[in-house]
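**Student:** First the structure, which I've put down as structure tokens, then a few questions once you've had a look.
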Amino acid sequence: MSGRRRIPGAMRMLSAALAAASLVAMAGCAAPAPDEQAGEPDVGIQLFQLPWVSIAEECEETLGPNGFAWVLTSPPNEHIVRDEWWASYQPVSYAVESRLGTRDEFADMVARCDAAGVAIIADAVINHMTGQDSPGVGWAGSAYEHYDYPGIYGDDDFHRCGLTPNDDIADYTSREQVQTCELVNLADLDTASDRVRGTIGAYLDDLLSLGVAGFRIDAAKHMAADDVAAIVAELPEGTRILSEVIRGGGEPVTPEEYTGFGDVFEFTYARDLGPALASGIVNDPPQGDERPQHVPADRAIVFVDNHDTERGEADVTARDGALYVIANALMLADDYGTPVVYSGYAFSDRDAGAPADADGRVLAASCADATGPAASYPDGERTCVQAWPAIGGMLAFRAAVGDAPRLDGVRADGAYGFEREGRGVVAVNPGGLAATIEIPTTMPAGEYCDVVTGGRDPVEGDGCRGLAFTVDDGVARFALEPLAAAAIHVGAQS
Ligand code: LAG
Ligand code: CA
């Protein structure tokens with residue numbers, strides 16, 4: 001008895017739309033032979049502040065070929081006219097017209113991504129409207145005031161919590177404040193009202209009519225779970241719902257309240273992974289279904305960082321290059337949750353919008369020829385994480401290991417790794433010294449191409465494009481440079 005326990009594998013729940021994506025698109029190595037144990041694509045990519053025309057191109061050029069199943073877009077609604085990226089989070093109307101593109105461009109994106117096997121999840125900002133105290137005109141020409149959006153919402157449609165001097169949320173231990181007061185002065189919709197629910201529902205239906213597969217529910221914590229549930233209940237069966245509920249210690253509103261009608265972003269995952277990598281000490285995660293501060297695996301959306309945390313709490317971001325690859329490799333090799341990879345642009349000012357033209361339209365950008373990570377990115381440059389060879393390789397690893405259980409990890413020389421039973425092994429060295437690590441495995445003996453550094457050469461018989469590692473006598477051996485990740489799987493023998 002080896003004493004290696006098995007962590008119960010998580011069956012990932014996927015909507016029909018996502019499951020329909022084709023395995024043929026897997027990249028990083030030659031197309032694997034049909035394999036019953038291989039997994040369905042489930043990985044998403046957040047393409048932050050990327051215009052619709054560019055997302056369409058990414059679906060065809062990088063996302064489909066690399067095996068991504070879905071894209072999380074930035075909000076498509078009409079918004080206030082400002083240069084900062086967060087203008088997107090202040091809706092003026094539900095017209096699908098924004099600095100990221102027109103309604104026609106949005107529809108074209110959805111169709112082209114669909115054809116590439118990639119579903120679209122739209123960021124739905126439905127907790128609030130603008131935070132502007134003075135009247136203004138939105139991106140598509142709609143006039144508005146703080147509590148008046150002609151034709152959509154009037155004064156009666158907003159909460160005025162009356163619990164704090166300026167109606168802003170001040171105390172996150174108060175459920176009533178969190179859900180009925182204003183988040184940074186953003187006019188808070190009365191989501192308990194049937195009228196408001198109907199108006200939000202019509203907006204979501206409109207996006208569904210354009211072909212989206214589902215929604216990220218922005219600021220879900222700031223709406224009662226019952227309110228979100230009531231809105232979601234009117235949507236067609238199978239609509240994917242990803243609620244953003246930032247877990248907060250000692251807060252009464254919890255992510256668990258939002259799991260009855262969809263998935264939730266599990267912030268604890270990155271909060272465990274980031275500091276572990278930054279300190280160079282990685283351990284096995286807590287075991288089984290009882291992971292503290294984690295929603296059940298089949299409800300969790302996991303991420304290394306997102307557009308908020310890369311501007312705040314995240315310990316590891318694209319700025320960290322190789323360490324970021326390690327973080328993503330561990331996440332993509334894991335059996336907990338559905339991962340969403342993040343791709344944004346470099347900045348030194350947290351408010352800085354994506355590069356735009358003189359009228360404020362965000363400029364198109366392509367990652368078709370990108371590699372990475374780069375040593376550094378000048379402000380405004382796209383990180384193009386979706387095109388990094390290591391990320392594509394890890395998506396191929398994930399597809400190859402499918403639902404194989406994650407076994408106990410091994411630590412040696414500051415390196416860490418684990419097996420997905422019989423299907424693949426991942427190893428990382430987050431430290432500054434070279435390390436050697438041996439990980440027991442039931443994979444067949446042989447030489448395997450490391451998918452992080454290139455995988456198998458697509459030209460038959462040409463071996464590996466990058467490194468190779470061997471499995472021998474039931475052990476996978478990895479010699480790892482400082483800040484390196486490596487992964488081998490049964491679909492990529494040399
Ligand atoms: C979110 N999730 O719950 C988004 O992920 C997050 O990016 C949004 O904040 C927030 N909720 C509201 O949708 C972002 C920026 C804020 C910005 C806000 C509204 O992180 O900085 O606030 O969007 O645009 C900005 C100013 C505030 C000001 C407010 C209203 O920073 O100082 O009070 O606008 O004018
Ligand atoms: Ca609210």
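FYI, nothing fancy with the structure tokens labels: chains A, B, ... in order, residues from 1 per chain, ligands from 1 as they appear.
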Please extract the residues of segment 24-235 of chain A with a backbone DSSP assignment of strand (DSSP E) and present them as a PDB file with all heavy atoms, in the first residue's frame.

**Tutor:**
```pdb
ATOM      1  N   GLY A  44     -11.927  28.491 -19.975  1.00  0.00           N
ATOM      2  CA  GLY A  44     -12.300  29.792 -20.524  1.00  0.00           C
ATOM      3  C   GLY A  44     -11.119  30.742 -20.543  1.00  0.00           C
ATOM      4  O   GLY A  44     -10.064  30.472 -19.962  1.00  0.00           O
ATOM      5  N   ILE A  45     -11.298  31.862 -21.238  1.00  0.00           N
ATOM      6  CA  ILE A  45     -10.277  32.910 -21.267  1.00  0.00           C
ATOM      7  C   ILE A  45     -10.992  34.251 -21.129  1.00  0.00           C
ATOM      8  O   ILE A  45     -11.939  34.529 -21.859  1.00  0.00           O
ATOM      9  CB  ILE A  45      -9.442  32.854 -22.571  1.00  0.00           C
ATOM     10  CG1 ILE A  45      -8.445  34.010 -22.675  1.00  0.00           C
ATOM     11  CG2 ILE A  45     -10.326  32.860 -23.815  1.00  0.00           C
ATOM     12  CD1 ILE A  45      -7.096  33.694 -22.141  1.00  0.00           C
ATOM     13  N   GLN A  46     -10.567  35.059 -20.157  1.00  0.00           N
ATOM     14  CA  GLN A  46     -11.109  36.408 -20.024  1.00  0.00           C
ATOM     15  C   GLN A  46     -10.286  37.331 -20.909  1.00  0.00           C
ATOM     16  O   GLN A  46      -9.096  37.540 -20.658  1.00  0.00           O
ATOM     17  CB  GLN A  46     -11.057  36.884 -18.567  1.00  0.00           C
ATOM     18  CG  GLN A  46     -11.582  38.314 -18.413  1.00  0.00           C
ATOM     19  CD  GLN A  46     -11.543  38.858 -16.991  1.00  0.00           C
ATOM     20  OE1 GLN A  46     -11.141  38.155 -16.055  1.00  0.00           O
ATOM     21  NE2 GLN A  46     -11.970  40.094 -16.834  1.00  0.00           N
ATOM     22  N   LEU A  47     -10.911  37.865 -21.946  1.00  0.00           N
ATOM     23  CA  LEU A  47     -10.222  38.800 -22.847  1.00  0.00           C
ATOM     24  C   LEU A  47     -10.665  40.211 -22.450  1.00  0.00           C
ATOM     25  O   LEU A  47     -11.640  40.750 -22.968  1.00  0.00           O
ATOM     26  CB  LEU A  47     -10.541  38.470 -24.303  1.00  0.00           C
ATOM     27  CG  LEU A  47     -10.034  37.098 -24.779  1.00  0.00           C
ATOM     28  CD1 LEU A  47     -10.439  36.834 -26.222  1.00  0.00           C
ATOM     29  CD2 LEU A  47      -8.516  36.985 -24.623  1.00  0.00           C
ATOM     30  N   TRP A  70     -14.447  28.695 -24.029  1.00  0.00           N
ATOM     31  CA  TRP A  70     -15.291  29.895 -23.924  1.00  0.00           C
ATOM     32  C   TRP A  70     -14.455  31.135 -23.638  1.00  0.00           C
ATOM     33  O   TRP A  70     -13.328  31.036 -23.132  1.00  0.00           O
ATOM     34  CB  TRP A  70     -16.377  29.731 -22.868  1.00  0.00           C
ATOM     35  CG  TRP A  70     -15.913  29.258 -21.515  1.00  0.00           C
ATOM     36  CD1 TRP A  70     -15.605  27.965 -21.159  1.00  0.00           C
ATOM     37  CD2 TRP A  70     -15.715  30.055 -20.329  1.00  0.00           C
ATOM     38  NE1 TRP A  70     -15.226  27.921 -19.828  1.00  0.00           N
ATOM     39  CE2 TRP A  70     -15.291  29.188 -19.295  1.00  0.00           C
ATOM     40  CE3 TRP A  70     -15.867  31.414 -20.035  1.00  0.00           C
ATOM     41  CZ2 TRP A  70     -15.007  29.633 -17.999  1.00  0.00           C
ATOM     42  CZ3 TRP A  70     -15.592  31.857 -18.744  1.00  0.00           C
ATOM     43  CH2 TRP A  70     -15.174  30.965 -17.744  1.00  0.00           C
ATOM     44  N   VAL A  71     -15.044  32.271 -23.992  1.00  0.00           N
ATOM     45  CA  VAL A  71     -14.438  33.582 -23.755  1.00  0.00           C
ATOM     46  C   VAL A  71     -15.339  34.358 -22.810  1.00  0.00           C
ATOM     47  O   VAL A  71     -16.557  34.390 -22.998  1.00  0.00           O
ATOM     48  CB  VAL A  71     -14.331  34.406 -25.061  1.00  0.00           C
ATOM     49  CG1 VAL A  71     -13.840  35.819 -24.776  1.00  0.00           C
ATOM     50  CG2 VAL A  71     -13.426  33.725 -26.057  1.00  0.00           C
ATOM     51  N   LEU A  72     -14.744  35.007 -21.815  1.00  0.00           N
ATOM     52  CA  LEU A  72     -15.470  36.004 -21.020  1.00  0.00           C
ATOM     53  C   LEU A  72     -15.109  37.378 -21.586  1.00  0.00           C
ATOM     54  O   LEU A  72     -13.935  37.764 -21.583  1.00  0.00           O
ATOM     55  CB  LEU A  72     -15.062  35.912 -19.550  1.00  0.00           C
ATOM     56  CG  LEU A  72     -15.559  37.041 -18.646  1.00  0.00           C
ATOM     57  CD1 LEU A  72     -17.078  37.151 -18.652  1.00  0.00           C
ATOM     58  CD2 LEU A  72     -15.051  36.840 -17.216  1.00  0.00           C
ATOM     59  N   GLU A  78     -24.072  49.940 -23.360  1.00  0.00           N
ATOM     60  CA  GLU A  78     -23.733  51.367 -23.462  1.00  0.00           C
ATOM     61  C   GLU A  78     -23.288  51.845 -22.083  1.00  0.00           C
ATOM     62  O   GLU A  78     -23.867  51.483 -21.062  1.00  0.00           O
ATOM     63  CB  GLU A  78     -24.945  52.202 -23.907  1.00  0.00           C
ATOM     64  CG  GLU A  78     -24.595  53.686 -23.984  1.00  0.00           C
ATOM     65  CD  GLU A  78     -25.763  54.604 -24.381  1.00  0.00           C
ATOM     66  OE1 GLU A  78     -26.907  54.119 -24.463  1.00  0.00           O
ATOM     67  OE2 GLU A  78     -25.501  55.804 -24.590  1.00  0.00           O
ATOM     68  N   HIS A  79     -22.237  52.687 -22.055  1.00  0.00           N
ATOM     69  CA  HIS A  79     -21.626  53.095 -20.792  1.00  0.00           C
ATOM     70  C   HIS A  79     -21.330  54.585 -20.798  1.00  0.00           C
ATOM     71  O   HIS A  79     -21.441  55.236 -21.855  1.00  0.00           O
ATOM     72  CB  HIS A  79     -20.332  52.298 -20.587  1.00  0.00           C
ATOM     73  CG  HIS A  79     -19.441  52.329 -21.807  1.00  0.00           C
ATOM     74  ND1 HIS A  79     -18.717  53.438 -22.169  1.00  0.00           N
ATOM     75  CD2 HIS A  79     -19.231  51.396 -22.771  1.00  0.00           C
ATOM     76  CE1 HIS A  79     -18.077  53.187 -23.305  1.00  0.00           C
ATOM     77  NE2 HIS A  79     -18.369  51.962 -23.690  1.00  0.00           N
ATOM     78  N   PRO A  91     -23.211  51.329 -16.614  1.00  0.00           N
ATOM     79  CA  PRO A  91     -24.159  51.276 -17.722  1.00  0.00           C
ATOM     80  C   PRO A  91     -25.038  52.531 -17.777  1.00  0.00           C
ATOM     81  O   PRO A  91     -25.470  53.042 -16.753  1.00  0.00           O
ATOM     82  CB  PRO A  91     -25.033  50.052 -17.408  1.00  0.00           C
ATOM     83  CG  PRO A  91     -24.261  49.255 -16.416  1.00  0.00           C
ATOM     84  CD  PRO A  91     -23.450  50.256 -15.632  1.00  0.00           C
ATOM     85  N   VAL A  92     -25.284  52.971 -19.015  1.00  0.00           N
ATOM     86  CA  VAL A  92     -26.200  54.085 -19.256  1.00  0.00           C
ATOM     87  C   VAL A  92     -27.478  53.552 -19.897  1.00  0.00           C
ATOM     88  O   VAL A  92     -28.562  54.090 -19.703  1.00  0.00           O
ATOM     89  CB  VAL A  92     -25.519  55.144 -20.160  1.00  0.00           C
ATOM     90  CG1 VAL A  92     -26.518  56.156 -20.677  1.00  0.00           C
ATOM     91  CG2 VAL A  92     -24.388  55.838 -19.387  1.00  0.00           C
ATOM     92  N   SER A  93     -27.353  52.517 -20.696  1.00  0.00           N
ATOM     93  CA  SER A  93     -28.509  51.812 -21.249  1.00  0.00           C
ATOM     94  C   SER A  93     -28.049  50.400 -21.577  1.00  0.00           C
ATOM     95  O   SER A  93     -26.863  50.072 -21.440  1.00  0.00           O
ATOM     96  CB  SER A  93     -29.021  52.489 -22.526  1.00  0.00           C
ATOM     97  OG  SER A  93     -28.252  52.069 -23.642  1.00  0.00           O
ATOM     98  N   ALA A 119     -17.529  29.350 -27.134  1.00  0.00           N
ATOM     99  CA  ALA A 119     -18.755  30.003 -26.681  1.00  0.00           C
ATOM    100  C   ALA A 119     -18.431  31.382 -26.094  1.00  0.00           C
ATOM    101  O   ALA A 119     -17.307  31.633 -25.659  1.00  0.00           O
ATOM    102  CB  ALA A 119     -19.439  29.139 -25.626  1.00  0.00           C
ATOM    103  N   ILE A 120     -19.419  32.270 -26.096  1.00  0.00           N
ATOM    104  CA  ILE A 120     -19.228  33.610 -25.542  1.00  0.00           C
ATOM    105  C   ILE A 120     -20.031  33.763 -24.248  1.00  0.00           C
ATOM    106  O   ILE A 120     -21.234  33.479 -24.203  1.00  0.00           O
ATOM    107  CB  ILE A 120     -19.673  34.698 -26.545  1.00  0.00           C
ATOM    108  CG1 ILE A 120     -18.807  34.660 -27.812  1.00  0.00           C
ATOM    109  CG2 ILE A 120     -19.622  36.079 -25.888  1.00  0.00           C
ATOM    110  CD1 ILE A 120     -17.349  35.069 -27.617  1.00  0.00           C
ATOM    111  N   ILE A 121     -19.325  34.194 -23.194  1.00  0.00           N
ATOM    112  CA  ILE A 121     -19.959  34.564 -21.920  1.00  0.00           C
ATOM    113  C   ILE A 121     -19.805  36.078 -21.796  1.00  0.00           C
ATOM    114  O   ILE A 121     -18.687  36.599 -21.826  1.00  0.00           O
ATOM    115  CB  ILE A 121     -19.250  33.883 -20.724  1.00  0.00           C
ATOM    116  CG1 ILE A 121     -19.223  32.348 -20.879  1.00  0.00           C
ATOM    117  CG2 ILE A 121     -19.902  34.311 -19.412  1.00  0.00           C
ATOM    118  CD1 ILE A 121     -20.546  31.655 -20.697  1.00  0.00           C
ATOM    119  N   ALA A 122     -20.924  36.785 -21.680  1.00  0.00           N
ATOM    120  CA  ALA A 122     -20.881  38.249 -21.599  1.00  0.00           C
ATOM    121  C   ALA A 122     -20.902  38.692 -20.144  1.00  0.00           C
ATOM    122  O   ALA A 122     -21.567  38.080 -19.304  1.00  0.00           O
ATOM    123  CB  ALA A 122     -22.068  38.848 -22.352  1.00  0.00           C
ATOM    124  N   ASP A 123     -20.173  39.758 -19.864  1.00  0.00           N
ATOM    125  CA  ASP A 123     -20.151  40.319 -18.512  1.00  0.00           C
ATOM    126  C   ASP A 123     -21.403  41.177 -18.346  1.00  0.00           C
ATOM    127  O   ASP A 123     -21.567  42.185 -19.046  1.00  0.00           O
ATOM    128  CB  ASP A 123     -18.873  41.157 -18.338  1.00  0.00           C
ATOM    129  CG  ASP A 123     -18.538  41.424 -16.877  1.00  0.00           C
ATOM    130  OD1 ASP A 123     -19.402  41.176 -16.004  1.00  0.00           O
ATOM    131  OD2 ASP A 123     -17.412  41.887 -16.615  1.00  0.00           O
ATOM    132  N   ALA A 124     -22.303  40.775 -17.459  1.00  0.00           N
ATOM    133  CA  ALA A 124     -23.587  41.452 -17.284  1.00  0.00           C
ATOM    134  C   ALA A 124     -23.542  42.342 -16.039  1.00  0.00           C
ATOM    135  O   ALA A 124     -23.490  41.849 -14.915  1.00  0.00           O
ATOM    136  CB  ALA A 124     -24.704  40.421 -17.169  1.00  0.00           C
ATOM    137  N   GLY A 136     -25.392  63.396 -17.883  1.00  0.00           N
ATOM    138  CA  GLY A 136     -24.455  63.177 -18.980  1.00  0.00           C
ATOM    139  C   GLY A 136     -25.132  62.492 -20.152  1.00  0.00           C
ATOM    140  O   GLY A 136     -26.353  62.266 -20.156  1.00  0.00           O
ATOM    141  N   VAL A 137     -24.318  62.178 -21.142  1.00  0.00           N
ATOM    142  CA  VAL A 137     -24.780  61.454 -22.330  1.00  0.00           C
ATOM    143  C   VAL A 137     -23.860  60.262 -22.517  1.00  0.00           C
ATOM    144  O   VAL A 137     -22.630  60.403 -22.454  1.00  0.00           O
ATOM    145  CB  VAL A 137     -24.753  62.372 -23.582  1.00  0.00           C
ATOM    146  CG1 VAL A 137     -25.134  61.575 -24.831  1.00  0.00           C
ATOM    147  CG2 VAL A 137     -25.685  63.557 -23.397  1.00  0.00           C
ATOM    148  N   ALA A 143     -29.152  60.131 -23.088  1.00  0.00           N
ATOM    149  CA  ALA A 143     -29.024  61.076 -21.975  1.00  0.00           C
ATOM    150  C   ALA A 143     -29.371  60.358 -20.670  1.00  0.00           C
ATOM    151  O   ALA A 143     -30.202  59.454 -20.650  1.00  0.00           O
ATOM    152  CB  ALA A 143     -29.962  62.257 -22.186  1.00  0.00           C
ATOM    153  N   TYR A 144     -28.724  60.767 -19.573  1.00  0.00           N
ATOM    154  CA  TYR A 144     -29.010  60.113 -18.291  1.00  0.00           C
ATOM    155  C   TYR A 144     -28.709  61.049 -17.143  1.00  0.00           C
ATOM    156  O   TYR A 144     -27.993  62.052 -17.295  1.00  0.00           O
ATOM    157  CB  TYR A 144     -28.168  58.841 -18.132  1.00  0.00           C
ATOM    158  CG  TYR A 144     -26.681  59.134 -17.977  1.00  0.00           C
ATOM    159  CD1 TYR A 144     -26.100  59.318 -16.706  1.00  0.00           C
ATOM    160  CD2 TYR A 144     -25.854  59.261 -19.095  1.00  0.00           C
ATOM    161  CE1 TYR A 144     -24.745  59.608 -16.570  1.00  0.00           C
ATOM    162  CE2 TYR A 144     -24.495  59.556 -18.958  1.00  0.00           C
ATOM    163  CZ  TYR A 144     -23.951  59.719 -17.688  1.00  0.00           C
ATOM    164  OH  TYR A 144     -22.623  60.023 -17.549  1.00  0.00           O
ATOM    165  N   GLY A 214     -24.015  32.510 -22.061  1.00  0.00           N
ATOM    166  CA  GLY A 214     -24.322  32.813 -20.670  1.00  0.00           C
ATOM    167  C   GLY A 214     -23.658  34.093 -20.221  1.00  0.00           C
ATOM    168  O   GLY A 214     -23.169  34.875 -21.050  1.00  0.00           O
ATOM    169  N   PHE A 215     -23.639  34.267 -18.892  1.00  0.00           N
ATOM    170  CA  PHE A 215     -23.237  35.554 -18.328  1.00  0.00           C
ATOM    171  C   PHE A 215     -22.356  35.425 -17.096  1.00  0.00           C
ATOM    172  O   PHE A 215     -22.556  34.543 -16.264  1.00  0.00           O
ATOM    173  CB  PHE A 215     -24.490  36.342 -17.912  1.00  0.00           C
ATOM    174  CG  PHE A 215     -25.488  36.459 -19.016  1.00  0.00           C
ATOM    175  CD1 PHE A 215     -26.604  35.623 -19.061  1.00  0.00           C
ATOM    176  CD2 PHE A 215     -25.287  37.353 -20.053  1.00  0.00           C
ATOM    177  CE1 PHE A 215     -27.508  35.696 -20.110  1.00  0.00           C
ATOM    178  CE2 PHE A 215     -26.183  37.436 -21.112  1.00  0.00           C
ATOM    179  CZ  PHE A 215     -27.296  36.611 -21.139  1.00  0.00           C
ATOM    180  N   ARG A 216     -21.389  36.332 -16.994  1.00  0.00           N
ATOM    181  CA  ARG A 216     -20.778  36.633 -15.694  1.00  0.00           C
ATOM    182  C   ARG A 216     -21.712  37.643 -15.045  1.00  0.00           C
ATOM    183  O   ARG A 216     -22.061  38.653 -15.665  1.00  0.00           O
ATOM    184  CB  ARG A 216     -19.394  37.250 -15.859  1.00  0.00           C
ATOM    185  CG  ARG A 216     -18.825  37.861 -14.565  1.00  0.00           C
ATOM    186  CD  ARG A 216     -17.506  38.592 -14.845  1.00  0.00           C
ATOM    187  NE  ARG A 216     -16.839  39.090 -13.649  1.00  0.00           N
ATOM    188  CZ  ARG A 216     -16.955  40.331 -13.178  1.00  0.00           C
ATOM    189  NH1 ARG A 216     -17.760  41.212 -13.754  1.00  0.00           N
ATOM    190  NH2 ARG A 216     -16.286  40.711 -12.100  1.00  0.00           N
ATOM    191  N   ILE A 217     -22.137  37.376 -13.833  1.00  0.00           N
ATOM    192  CA  ILE A 217     -22.997  38.327 -13.124  1.00  0.00           C
ATOM    193  C   ILE A 217     -22.088  39.205 -12.276  1.00  0.00           C
ATOM    194  O   ILE A 217     -21.597  38.801 -11.214  1.00  0.00           O
ATOM    195  CB  ILE A 217     -24.043  37.598 -12.257  1.00  0.00           C
ATOM    196  CG1 ILE A 217     -24.858  36.583 -13.083  1.00  0.00           C
ATOM    197  CG2 ILE A 217     -24.963  38.625 -11.582  1.00  0.00           C
ATOM    198  CD1 ILE A 217     -25.723  37.180 -14.178  1.00  0.00           C
TER     199      ILE A 217
END
```

**Student:** Dump the neighbourhood of ligand 2 as a list of chain:residue names: all residues within 6 Å, distances computed on only C-alpha atoms and all ligand atoms.

**Tutor:**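 The distance check yields A:Asn127, A:Gln179, A:Thr180, A:Asp188, A:Leu189, A:His222, A:Met223.
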
**Student:** Could you save those same residues with all heavy atoms as an mmCIF file, in the first residue's frame?

**Tutor:**
```
data_model
loop_
_atom_site.group_PDB
_atom_site.id
_atom_site.type_symbol
_atom_site.label_atom_id
_atom_site.label_comp_id
_atom_site.auth_asym_id
_atom_site.auth_seq_id
_atom_site.Cartn_x
_atom_site.Cartn_y
_atom_site.Cartn_z
ATOM 1 N N ASN A 127 -26.291 45.093 -11.355
ATOM 2 C CA ASN A 127 -26.531 45.542 -9.976
ATOM 3 C C ASN A 127 -26.791 47.032 -9.910
ATOM 4 O O ASN A 127 -27.435 47.519 -8.988
ATOM 5 C CB ASN A 127 -25.332 45.201 -9.096
ATOM 6 C CG ASN A 127 -25.404 45.859 -7.720
ATOM 7 O OD1 ASN A 127 -26.292 45.539 -6.919
ATOM 8 N ND2 ASN A 127 -24.497 46.801 -7.451
ATOM 9 N N GLN A 179 -26.089 44.822 0.044
ATOM 10 C CA GLN A 179 -27.004 44.526 -1.062
ATOM 11 C C GLN A 179 -27.941 45.663 -1.433
ATOM 12 O O GLN A 179 -28.510 45.653 -2.541
ATOM 13 C CB GLN A 179 -27.765 43.235 -0.744
ATOM 14 C CG GLN A 179 -26.773 42.060 -0.638
ATOM 15 C CD GLN A 179 -27.395 40.710 -0.474
ATOM 16 O OE1 GLN A 179 -28.469 40.574 0.133
ATOM 17 N NE2 GLN A 179 -26.729 39.679 -0.982
ATOM 18 N N THR A 180 -28.112 46.644 -0.554
ATOM 19 C CA THR A 180 -29.055 47.714 -0.914
ATOM 20 C C THR A 180 -28.434 49.113 -0.876
ATOM 21 O O THR A 180 -29.084 50.072 -1.290
ATOM 22 C CB THR A 180 -30.312 47.710 -0.014
ATOM 23 O OG1 THR A 180 -29.941 48.050 1.320
ATOM 24 C CG2 THR A 180 -30.993 46.344 -0.020
ATOM 25 N N ASP A 188 -27.872 52.018 -7.249
ATOM 26 C CA ASP A 188 -28.123 50.599 -6.977
ATOM 27 C C ASP A 188 -29.552 50.211 -7.358
ATOM 28 O O ASP A 188 -30.523 50.703 -6.779
ATOM 29 C CB ASP A 188 -27.881 50.320 -5.489
ATOM 30 C CG ASP A 188 -27.655 48.855 -5.225
ATOM 31 O OD1 ASP A 188 -26.596 48.345 -5.644
ATOM 32 O OD2 ASP A 188 -28.541 48.217 -4.619
ATOM 33 N N LEU A 189 -29.669 49.304 -8.321
ATOM 34 C CA LEU A 189 -30.999 48.914 -8.798
ATOM 35 C C LEU A 189 -31.767 48.130 -7.742
ATOM 36 O O LEU A 189 -31.188 47.313 -7.017
ATOM 37 C CB LEU A 189 -30.861 48.080 -10.078
ATOM 38 C CG LEU A 189 -30.492 48.905 -11.318
ATOM 39 C CD1 LEU A 189 -29.959 48.003 -12.428
ATOM 40 C CD2 LEU A 189 -31.695 49.732 -11.795
ATOM 41 N N HIS A 222 -23.625 41.915 -4.406
ATOM 42 C CA HIS A 222 -24.378 43.126 -4.058
ATOM 43 C C HIS A 222 -25.847 43.037 -4.439
ATOM 44 O O HIS A 222 -26.588 44.024 -4.341
ATOM 45 C CB HIS A 222 -23.688 44.347 -4.669
ATOM 46 C CG HIS A 222 -22.285 44.497 -4.168
ATOM 47 N ND1 HIS A 222 -22.018 45.022 -2.917
ATOM 48 C CD2 HIS A 222 -21.093 44.116 -4.683
ATOM 49 C CE1 HIS A 222 -20.700 44.988 -2.710
ATOM 50 N NE2 HIS A 222 -20.119 44.438 -3.764
ATOM 51 N N MET A 223 -26.269 41.865 -4.881
ATOM 52 C CA MET A 223 -27.693 41.592 -5.115
ATOM 53 C C MET A 223 -28.057 40.371 -4.282
ATOM 54 O O MET A 223 -27.300 39.391 -4.249
ATOM 55 C CB MET A 223 -27.941 41.291 -6.599
ATOM 56 C CG MET A 223 -27.675 42.478 -7.509
ATOM 57 S SD MET A 223 -27.905 42.079 -9.245
ATOM 58 C CE MET A 223 -26.315 41.333 -9.620
#
```

**Student:** Name each residue within 10 Å of ligand 1, counting only C-alpha atoms and all ligand atoms, as a ChimeraX atom specification.

**Tutor:** /A:74-75,79-80,82,84-91,123-133,146,168,182-187,216-222,243-246,306-309,311-312,350-351

**Student:** Could you give me, as a list in words, the residues within 9 Å of Val385 of chain A, counting only C-alpha atoms and dropping anything in the same chain fewer than 3 positions from it?

**Tutor:**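 Counting only the stated atoms, we get Ile45, Ala318, Val341, Tyr342, Ser343, Gly344, Cys367, Ala370, Thr371, Gly372, Pro373, Arg382, Trp388, Pro389 and Ile391 of chain A.
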
**Student:** Excluding segment 50-56 of chain A and residues on its chain fewer than 5 positions from it, collect all residues at most 8 Å away from it, counting only C-alpha atoms, and give them as a list of chain:residue names.

**Tutor:** A:Thr73, A:Ser74, A:Arg99, A:Leu100, A:Gly101, A:Glu105, A:Phe106, A:Asp108, A:Met109, A:Val110, A:Arg112, A:Cys113, A:Val362, A:Leu363, A:Ala364, A:Ala365, A:Ser366

**Student:** Just list as a PyMOL selection string whatever in segment 119-325 of chain A DSSP marks as alpha helix (DSSP H).

**Tutor:** chain A and resi 175-180+194-209+225-233+267-279+322-325

**Student:** Just the number, please: distance in Å from atom CA of Leu242 of chain A to atom CA of Ala192 of chain A, one decimal.

**Tutor:**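 Separation between atom CA of Leu242 of chain A and atom CA of Ala192 of chain A: 20.0 Å.
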